[in-house]
file work.txt (compact mmCIF, C-alpha atoms)
# COMPACT_ATOMS: atom_id res chain seq x y z
CA MET A 1 107.27 100.29 84.48
CA GLU A 2 110.44 102.40 84.54
CA ARG A 3 110.26 106.16 84.62
CA ASP A 4 111.38 107.98 81.51
CA SER A 5 114.79 109.50 82.28
CA GLY A 6 113.68 112.76 80.64
CA THR A 7 110.54 113.14 82.79
CA PRO A 8 110.87 115.56 85.77
CA ARG A 9 110.71 113.76 89.08
CA LEU A 10 109.00 114.73 92.33
CA GLU A 11 108.91 111.88 94.83
CA ILE A 12 107.46 112.45 98.31
CA THR A 13 107.24 110.10 101.28
CA VAL A 14 105.96 110.65 104.82
CA SER A 15 107.65 108.60 107.53
CA ASP A 16 108.58 108.31 111.21
CA PRO A 17 105.45 109.41 113.10
CA VAL A 18 106.60 110.41 116.59
CA LYS A 19 104.49 111.56 119.53
CA GLN A 20 105.69 114.88 120.95
CA GLY A 21 104.73 116.75 124.12
CA GLU A 22 102.50 115.62 126.95
CA SER A 23 98.86 115.67 127.98
CA ILE A 24 96.70 118.19 126.08
CA ASN A 25 99.76 119.59 124.30
CA GLN A 26 100.62 116.23 122.78
CA TYR A 27 100.88 115.96 119.00
CA VAL A 28 102.49 113.76 116.37
CA SER A 29 105.33 114.89 114.12
CA TYR A 30 106.11 113.36 110.72
CA LYS A 31 109.20 113.41 108.54
CA VAL A 32 108.47 114.59 104.99
CA ASN A 33 111.10 113.39 102.52
CA THR A 34 111.42 114.84 99.00
CA LYS A 35 113.50 113.83 95.98
CA THR A 36 113.24 115.92 92.85
CA ASP A 37 115.05 117.24 89.80
CA LEU A 38 112.53 120.02 89.15
CA PRO A 39 114.22 123.42 88.62
CA ASP A 40 111.71 125.23 90.88
CA PHE A 41 113.10 123.49 93.96
CA ASP A 42 116.25 124.63 95.77
CA HIS A 43 117.36 121.13 96.78
CA SER A 44 117.28 117.75 95.03
CA HIS A 45 116.91 115.97 98.40
CA SER A 46 115.28 117.33 101.55
CA SER A 47 113.77 116.05 104.79
CA VAL A 48 111.70 118.26 107.07
CA VAL A 49 109.60 117.61 110.17
CA ARG A 50 105.96 118.65 110.04
CA ARG A 51 102.91 118.15 112.27
CA TYR A 52 99.26 117.76 111.29
CA SER A 53 98.53 121.47 111.78
CA ASP A 54 101.19 122.23 109.15
CA PHE A 55 99.43 119.98 106.66
CA LEU A 56 96.17 121.69 107.58
CA TRP A 57 97.76 125.11 106.95
CA LEU A 58 98.94 124.03 103.49
CA PHE A 59 95.49 122.65 102.69
CA GLY A 60 93.89 125.95 103.71
CA GLU A 61 96.31 127.99 101.59
CA LEU A 62 95.65 125.85 98.53
CA GLN A 63 91.90 125.99 99.04
CA ALA A 64 91.97 129.78 99.39
CA SER A 65 94.25 130.33 96.39
CA TYR A 66 92.67 127.96 93.86
CA ALA A 67 88.91 128.39 93.96
CA GLY A 68 87.18 125.79 91.81
CA VAL A 69 90.15 123.41 91.85
CA ILE A 70 89.65 120.03 93.54
CA ILE A 71 92.08 120.19 96.47
CA PRO A 72 93.08 116.68 97.63
CA PRO A 73 91.47 115.96 101.01
CA LEU A 74 93.22 115.58 104.34
CA PRO A 75 92.36 113.03 107.04
CA GLU A 76 90.20 114.37 109.84
CA LYS A 77 91.69 115.96 112.97
CA HIS A 78 92.10 113.52 115.83
CA VAL A 79 92.90 114.18 119.49
CA ILE A 80 95.94 112.14 120.51
CA GLY A 81 95.18 109.90 123.48
CA ARG A 82 91.47 109.52 122.74
CA ILE A 83 92.01 105.86 121.84
CA SER A 84 93.29 105.16 125.35
CA GLU A 85 89.99 106.23 126.87
CA ASN A 86 88.17 103.04 125.87
CA PHE A 87 87.91 99.86 127.90
CA TYR A 88 90.15 97.62 125.81
CA SER A 89 93.31 96.01 127.16
CA ASP A 90 96.55 97.97 127.21
CA GLU A 91 97.82 95.78 124.39
CA ARG A 92 94.72 96.47 122.28
CA ARG A 93 94.93 100.22 122.97
CA GLU A 94 98.58 100.33 121.95
CA LYS A 95 97.86 98.44 118.74
CA GLU A 96 94.86 100.68 117.92
CA GLU A 97 97.06 103.74 118.33
CA GLN A 98 99.82 102.32 116.12
CA GLN A 99 97.24 101.45 113.44
CA PHE A 100 95.83 104.97 113.63
CA LEU A 101 99.28 106.52 113.20
CA ALA A 102 100.04 104.21 110.27
CA GLU A 103 96.74 105.13 108.56
CA ARG A 104 97.28 108.84 109.24
CA ARG A 105 100.80 108.63 107.76
CA ARG A 106 99.49 106.95 104.60
CA SER A 107 96.71 109.54 104.22
CA LEU A 108 99.08 112.49 104.64
CA GLU A 109 101.48 110.98 102.13
CA LYS A 110 98.64 110.46 99.67
CA PHE A 111 97.61 114.13 100.10
CA LEU A 112 101.12 115.38 99.26
CA ARG A 113 101.53 113.03 96.32
CA ARG A 114 98.20 114.13 94.85
CA VAL A 115 99.23 117.77 95.15
CA ALA A 116 102.59 116.93 93.56
CA SER A 117 100.89 115.25 90.60
CA HIS A 118 98.63 118.26 89.93
CA SER A 119 99.96 120.50 87.17
CA LEU A 120 98.84 123.69 88.95
CA LEU A 121 99.05 122.91 92.67
CA SER A 122 102.55 121.42 92.41
CA LYS A 123 103.91 124.84 91.39
CA ASP A 124 102.46 126.65 94.42
CA GLN A 125 105.00 128.61 96.48
CA TYR A 126 103.57 127.39 99.79
CA PHE A 127 103.75 123.77 98.66
CA ARG A 128 107.46 124.17 97.91
CA ALA A 129 107.97 125.94 101.24
CA PHE A 130 106.21 123.07 103.04
CA LEU A 131 108.52 120.52 101.41
CA GLU A 132 111.84 122.36 101.72
CA GLN A 133 112.03 125.04 104.39
CA ASP A 134 113.49 124.40 107.83
CA ALA A 135 111.39 125.08 110.93
CA ALA A 136 112.39 128.75 111.34
CA GLU A 137 111.86 129.61 107.65
CA PHE A 138 108.59 127.72 107.55
CA ASN A 139 107.21 129.51 110.61
CA SER A 140 108.12 132.85 109.00
CA THR A 141 106.33 131.80 105.81
CA LYS A 142 103.20 130.93 107.78
CA GLU A 143 103.29 134.26 109.60
CA ARG A 144 103.60 136.14 106.29
CA SER A 145 100.68 134.21 104.84
CA LYS A 146 98.53 135.14 107.86
CA ALA A 147 99.48 138.79 107.45
CA SER A 148 98.63 138.74 103.75
CA ARG A 149 95.23 137.21 104.55
CA LYS A 150 94.35 140.28 106.60
CA SER A 151 94.41 142.37 103.42
CA LYS A 152 91.34 141.21 101.53
CA SER A 153 91.74 139.54 98.19
CA PHE A 154 89.81 140.68 95.13
CA TRP A 155 87.41 137.75 95.37
CA GLN A 156 86.73 138.42 99.05
CA TRP A 157 85.92 142.03 98.19
CA ALA A 158 83.84 140.98 95.18
CA SER A 159 81.92 138.44 97.22
CA GLU A 160 81.00 141.02 99.87
CA LYS A 161 80.13 143.53 97.15
CA SER A 162 78.01 140.87 95.45
CA HIS A 163 76.05 140.27 98.65
CA THR A 164 75.41 144.01 99.02
CA LEU A 165 74.32 144.31 95.39
CA GLN A 166 72.06 141.28 95.61
CA THR A 167 70.34 142.92 98.57
CA LYS A 168 69.79 146.09 96.54
CA LEU A 169 69.09 144.61 93.12
CA GLY A 170 67.67 141.21 93.91
CA THR A 171 68.69 138.09 92.02
CA PRO A 172 70.76 138.89 88.90
CA SER A 173 69.02 138.29 85.60
CA GLU A 174 69.50 134.76 84.38
CA ARG A 175 72.02 134.52 81.56
CA PRO A 176 71.72 131.94 78.79
CA ARG A 177 72.92 128.53 79.97
CA THR A 178 76.02 127.18 78.28
CA GLU A 179 77.14 123.64 77.56
CA GLU A 180 79.62 124.02 80.39
CA ASP A 181 76.82 124.93 82.81
CA GLU A 182 74.92 121.80 81.81
CA LYS A 183 78.00 119.68 82.36
CA PHE A 184 78.61 121.16 85.82
CA GLU A 185 74.98 120.58 86.77
CA GLN A 186 75.20 116.95 85.70
CA ILE A 187 78.36 116.48 87.74
CA SER A 188 76.76 118.13 90.78
CA LYS A 189 73.72 115.86 90.57
CA TYR A 190 75.92 112.79 90.14
CA ILE A 191 78.11 113.69 93.13
CA GLY A 192 75.05 114.57 95.20
CA GLY A 193 73.59 111.13 94.53
CA LEU A 194 76.85 109.21 94.89
CA GLU A 195 78.00 110.72 98.18
CA PRO A 196 75.26 109.38 100.52
CA HIS A 197 75.60 105.88 99.04
CA THR A 198 79.38 105.95 99.50
CA ILE A 199 78.99 107.19 103.07
CA ALA A 200 76.53 104.36 103.76
CA VAL A 201 78.91 101.74 102.31
CA HIS A 202 81.78 103.11 104.40
CA LYS A 203 79.59 103.06 107.51
CA HIS A 204 78.82 99.37 106.97
CA ALA A 205 82.48 98.62 106.21
CA HIS A 206 83.50 100.37 109.43
CA GLY A 207 80.99 98.25 111.33
CA LEU A 208 82.35 95.04 109.81
CA VAL A 209 85.93 95.96 110.67
CA LYS A 210 84.93 96.92 114.21
CA ARG A 211 83.19 93.56 114.70
CA SER A 212 86.30 91.80 113.44
CA LYS A 213 88.46 93.71 115.92
CA ASP A 214 86.00 92.97 118.72
CA MET A 215 86.26 89.29 117.83
CA VAL A 216 90.05 89.55 118.09
CA GLN A 217 89.70 91.03 121.58
CA SER A 218 87.20 88.34 122.62
CA LEU A 219 89.47 85.53 121.44
CA TYR A 220 92.37 87.14 123.26
CA ASN A 221 90.33 87.35 126.49
CA VAL A 222 89.21 83.72 126.13
CA GLY A 223 92.83 82.66 125.62
CA VAL A 224 93.97 84.49 128.73
CA ALA A 225 91.08 83.08 130.78
CA PHE A 226 91.75 79.45 129.80
CA THR A 227 95.50 79.86 130.28
CA LEU A 228 95.01 81.19 133.80
CA LEU A 229 92.41 78.52 134.54
CA GLY A 230 94.82 75.83 133.36
CA GLN A 231 97.43 77.11 135.78
CA THR A 232 95.04 76.49 138.68
CA GLU A 233 94.47 72.85 137.71
CA SER A 234 96.92 69.99 137.75
CA GLY A 235 97.37 66.97 135.55
CA SER A 236 95.73 66.43 132.19
CA LEU A 237 92.90 68.90 132.89
CA GLY A 238 95.31 71.76 133.48
CA GLN A 239 97.27 70.80 130.37
CA ALA A 240 94.09 70.66 128.25
CA LEU A 241 92.91 74.04 129.51
CA GLY A 242 96.34 75.55 128.82
CA GLU A 243 96.36 74.16 125.27
CA LEU A 244 92.87 75.54 124.71
CA GLY A 245 94.11 78.94 125.85
CA GLN A 246 97.06 78.76 123.43
CA CYS A 247 94.71 77.77 120.61
CA ALA A 248 92.44 80.78 121.30
CA ASP A 249 95.51 83.01 121.41
CA LYS A 250 96.67 81.74 118.00
CA LEU A 251 93.18 82.31 116.60
CA SER A 252 93.30 85.84 118.01
CA LEU A 253 96.57 86.55 116.19
CA ALA A 254 95.23 85.14 112.91
CA ALA A 255 91.99 87.11 113.22
CA SER A 256 93.98 90.24 114.07
CA ALA A 257 96.00 89.95 110.86
CA GLU A 258 92.81 89.60 108.81
CA ALA A 259 91.17 92.53 110.60
CA ASP A 260 94.21 94.69 109.83
CA LYS A 261 93.91 93.82 106.12
CA GLU A 262 90.19 94.59 106.12
CA SER A 263 90.90 97.96 107.70
CA GLN A 264 93.73 98.96 105.35
CA PHE A 265 92.48 97.56 102.04
CA PHE A 266 88.69 97.75 102.46
CA GLU A 267 87.60 100.42 104.96
CA GLU A 268 90.47 102.89 104.41
CA PRO A 269 89.94 103.29 100.61
CA LEU A 270 86.20 103.82 101.16
CA LYS A 271 86.97 106.53 103.72
CA ASP A 272 89.26 108.16 101.15
CA TYR A 273 86.47 108.06 98.54
CA VAL A 274 84.14 109.86 100.97
CA ARG A 275 86.77 112.55 101.58
CA MET A 276 87.41 112.97 97.86
CA LEU A 277 83.70 113.37 97.13
CA GLY A 278 83.62 116.12 99.76
CA ALA A 279 86.54 117.83 98.00
CA VAL A 280 84.72 117.67 94.66
CA LYS A 281 81.55 119.13 96.22
CA HIS A 282 83.55 122.00 97.71
CA ALA A 283 85.10 122.78 94.31
CA LEU A 284 81.68 122.79 92.64
CA GLU A 285 80.21 125.03 95.35
CA SER A 286 83.16 127.39 95.00
CA ARG A 287 82.58 127.61 91.24
CA THR A 288 78.90 128.42 91.80
CA GLU A 289 79.78 131.09 94.37
CA LYS A 290 82.29 132.78 92.05
CA GLN A 291 79.84 132.61 89.14
CA THR A 292 77.13 134.30 91.22
CA THR A 293 79.62 136.98 92.28
CA TYR A 294 80.58 137.60 88.65
CA GLU A 295 76.98 137.73 87.39
CA THR A 296 75.92 140.12 90.16
CA ALA A 297 78.87 142.42 89.43
CA LEU A 298 78.05 142.25 85.70
CA ALA A 299 74.42 143.16 86.36
CA ASP A 300 75.56 146.13 88.46
CA LEU A 301 77.90 147.25 85.68
CA ASN A 302 75.10 147.08 83.09
CA ASN A 303 72.84 149.15 85.35
CA LYS A 304 75.54 151.78 85.71
CA LYS A 305 76.10 151.85 81.94
CA SER A 306 72.36 152.28 81.37
CA ASN A 307 72.29 155.11 83.88
CA LEU A 308 75.23 156.79 82.12
CA SER A 309 73.57 156.41 78.73
CA ARG A 310 70.33 157.91 80.11
CA LEU A 311 72.10 160.95 81.54
CA THR A 312 74.40 161.64 78.59
CA GLY A 313 73.25 164.59 76.47
CA ILE A 314 70.78 165.99 79.02
CA PRO A 315 71.51 169.68 79.67
CA GLY A 316 72.45 170.51 83.26
CA LYS A 317 73.35 166.90 84.10
CA GLU A 318 77.09 167.27 83.44
CA SER A 319 78.05 166.63 87.08
CA LYS A 320 75.79 163.56 87.22
CA VAL A 321 77.37 162.29 83.99
CA ALA A 322 80.85 162.71 85.47
CA GLU A 323 79.77 160.72 88.57
CA ALA A 324 78.22 157.97 86.41
CA GLU A 325 81.37 157.76 84.28
CA ALA A 326 83.51 157.41 87.44
CA GLU A 327 81.27 154.57 88.67
CA VAL A 328 81.55 152.75 85.33

call {"tool": "encode", "arguments": {"input": "work.txt", "output": "structure tokens"}}
result
Amino acid sequence: MERDSGTPRLEITVSDPVKQGESINQYVSYKVNTKTDLPDFDHSHSSVVRRYSDFLWLFGELQASYAGVIIPPLPEKHVIGRISENFYSDERREKEEQQFLAERRRSLEKFLRRVASHSLLSKDQYFRAFLEQDAAEFNSTKERSKASRKSKSFWQWASEKSHTLQTKLGTPSERPRTEEDEKFEQISKYIGGLEPHTIAVHKHAHGLVKRSKDMVQSLYNVGVAFTLLGQTESGSLGQALGELGQCADKLSLAASAEADKESQFFEEPLKDYVRMLGAVKHALESRTEKQTTYETALADLNNKKSNLSRLTGIPGKESKVAEAEAEV
């Protein structure tokens, strides 16, 4: 289906994962490519290099700025080089690492595209900075965001105030439940029931894919063993053993291709579902937290108004009335 020529465009791809640094300082950089005709952007085409920690920074900024909004999930942090610590062959380790980088690239691209498709998140200043700014500008932007975090936001202040008030006043009086409250409760129960089942399905899928990959390694080892054994024998026996080794090697390649498909098209989407359910739960919890903060502050305000009403008109209480009015 062709895109309507009048529809604003924001196309994002993540490409070229490259390992940088050495030893414990090793990380992977990615090229983030953007094409757009949106007026909010300074350039119609841009390519910048970002690492996973930059994606994590953007995720944190979005999560802090848009409480209650479902922020698209990121893939989990992974220590580069951990794959090489297993006991597989060098060839298997190299392939595992390439598959990991390919899956990580797809997941990061999916994160950015989901943000870009969101009517609110796509307009965020830090999202635009992430997509367009060069390394020096981007580092300055991150430093400014850290500095601004040090000055508490209203909701941070309100949350702390709410905790103090709850300690003094106890649980705020329960307000009448609305239709929206009922809907949120239904969603919370549904997500709470769906998440463990999805995690269980992904766990089994991961096990199936791992067994398939182990089978690939076993066939590869059998092929190598028979090939080497054939080289020690002469005549028809050596030829037969060599052909058996080649057959096992071909089976290993075929099984490897199938295992790769199972990983990308079966296990990977399930892992993404688990992450997305976690993002939904976080948004629901954030909504509940903000609602509690609001209700506690409202209860405190009503108490102060009642105190002001009680003091008003009592002779000799003028100073107390002035204090109560200031608090309200």

call {"tool": "closest_atom_pairs", "arguments": {"input": "work.txt", "of": "stretch 249-296 of chain A", "to": "stretch 190-195 of chain A", "cutoff": "10 Å", "atoms": "only C-alpha atoms", "output": "tab-separated table"}}
result
residue	atom	partner	partner_atom	distance
A:Tyr273	CA	A:Glu195	CA	8.9
A:Val274	CA	A:Glu195	CA	6.8
A:Arg275	CA	A:Glu195	CA	9.6
A:Met276	CA	A:Glu195	CA	9.7
A:Leu277	CA	A:Glu195	CA	6.4
A:Gly278	CA	A:Glu195	CA	8.0
A:Val280	CA	A:Ile191	CA	7.9
A:Lys281	CA	A:Ile191	CA	7.1
A:Leu284	CA	A:Ile191	CA	9.8

call {"tool": "atom_distance", "arguments": {"input": "work.txt", "atom1": "atom CA of A:Leu108", "atom2": "atom CA of A:Asn139"}}
result
19.8 Å

call {"tool": "closest_residue", "arguments": {"input": "work.txt", "among": "A:Val48, A:Ala248, A:Val28, A:Leu308", "to": "A:Glu137", "atoms": "all atoms listed in the file"}}
result
A:Val48

call {"tool": "axis_aligned_box", "arguments": {"input": "work.txt", "around": "stretch 108-117 of chain A", "padding_each_side": "6 Å", "output": "lines of an AutoDock Vina configuration file"}}
result
center_x = 100.1
center_y = 114.1
center_z = 97.6
size_x = 17.0
size_y = 19.3
size_z = 26.0

call {"tool": "atom_distance", "arguments": {"input": "work.txt", "atom1": "atom CA of A:Ala102", "atom2": "atom CA of A:Ser15"}}
result
9.2 Å

call {"tool": "residues_around", "arguments": {"input": "work.txt", "residues": "A:His202", "least_positions_apart": "5", "cutoff": "8 Å", "atoms": "all atoms listed in the file", "output": "list in words"}}
result
Glu267, Leu270, Lys271 and Val274 of chain A

call {"tool": "closest_residue", "arguments": {"input": "work.txt", "among": "A:Val32, A:Leu219, A:Asn303, A:Phe59", "to": "A:Asp124", "atoms": "all atoms listed in the file"}}
result
A:Phe59

call {"tool": "residues_near_point", "arguments": {"input": "work.txt", "point": "(93.6, 123.3, 95.9)", "cutoff": "10 Å", "atoms": "all atoms listed in the file", "output": "list of chain:residue names"}}
result
A:Leu58, A:Phe59, A:Gly60, A:Glu61, A:Leu62, A:Gln63, A:Ala64, A:Ser65, A:Tyr66, A:Ala67, A:Gly68, A:Val69, A:Ile70, A:Ile71, A:Pro72, A:Pro73, A:Val115, A:His118, A:Leu120, A:Leu121, A:Ser122, A:Asp124, A:Ala279, A:Ala283

call {"tool": "atom_distance", "arguments": {"input": "work.txt", "atom1": "atom CA of A:Asp16", "atom2": "atom CA of A:His206"}}
result
26.4 Å

call {"tool": "residues_around", "arguments": {"input": "work.txt", "residues": "A:Thr36", "least_positions_apart": "4", "cutoff": "8 Å", "atoms": "all atoms listed in the file", "output": "PyMOL selection string"}}
result
chain A and resi 8-11+41+43-45

call {"tool": "residues_around", "arguments": {"input": "work.txt", "residues": "A:Ser306", "least_positions_apart": "6", "cutoff": "12 Å", "atoms": "only C-alpha atoms", "output": "ChimeraX atom specification"}}
result
/A:299-300,312,321,324-325,327-328

call {"tool": "closest_residue", "arguments": {"input": "work.txt", "among": "A:Ala259, A:Asp214, A:Gly21, A:Leu241", "to": "A:Phe226", "atoms": "all atoms listed in the file"}}
result
A:Leu241

call {"tool": "residues_near_point", "arguments": {"input": "work.txt", "point": "(75.1, 128.1, 85.0)", "cutoff": "12 Å", "atoms": "all atoms listed in the file", "output": "list in words"}}
result
Ser173, Glu174, Arg175, Pro176, Arg177, Thr178, Glu179, Glu180, Asp181, Glu182, Lys183, Phe184, Glu185, Gln186, Ser188, Leu284, Glu285, Arg287, Thr288, Glu289, Lys290, Gln291, Thr292, Tyr294 and Glu295 of chain A

call {"tool": "write_last_selection", "arguments": {"input": "work.txt", "atoms": "C-alpha atoms", "output": "short mmCIF file (atom, residue, chain, number, x, y, z; two decimals), keeping the file's coordinate frame"}}
result
data_model
loop_
_atom_site.label_atom_id
_atom_site.label_comp_id
_atom_site.auth_asym_id
_atom_site.auth_seq_id
_atom_site.Cartn_x
_atom_site.Cartn_y
_atom_site.Cartn_z
CA SER A 173 69.02 138.29 85.60
CA GLU A 174 69.50 134.76 84.38
CA ARG A 175 72.02 134.52 81.56
CA PRO A 176 71.72 131.94 78.79
CA ARG A 177 72.92 128.53 79.97
CA THR A 178 76.02 127.18 78.28
CA GLU A 179 77.14 123.64 77.56
CA GLU A 180 79.62 124.02 80.39
CA ASP A 181 76.82 124.93 82.81
CA GLU A 182 74.92 121.80 81.81
CA LYS A 183 78.00 119.68 82.36
CA PHE A 184 78.61 121.16 85.82
CA GLU A 185 74.98 120.58 86.77
CA GLN A 186 75.20 116.95 85.70
CA SER A 188 76.76 118.13 90.78
CA LEU A 284 81.68 122.79 92.64
CA GLU A 285 80.21 125.03 95.35
CA ARG A 287 82.58 127.61 91.24
CA THR A 288 78.90 128.42 91.80
CA GLU A 289 79.78 131.09 94.37
CA LYS A 290 82.29 132.78 92.05
CA GLN A 291 79.84 132.61 89.14
CA THR A 292 77.13 134.30 91.22
CA TYR A 294 80.58 137.60 88.65
CA GLU A 295 76.98 137.73 87.39
#
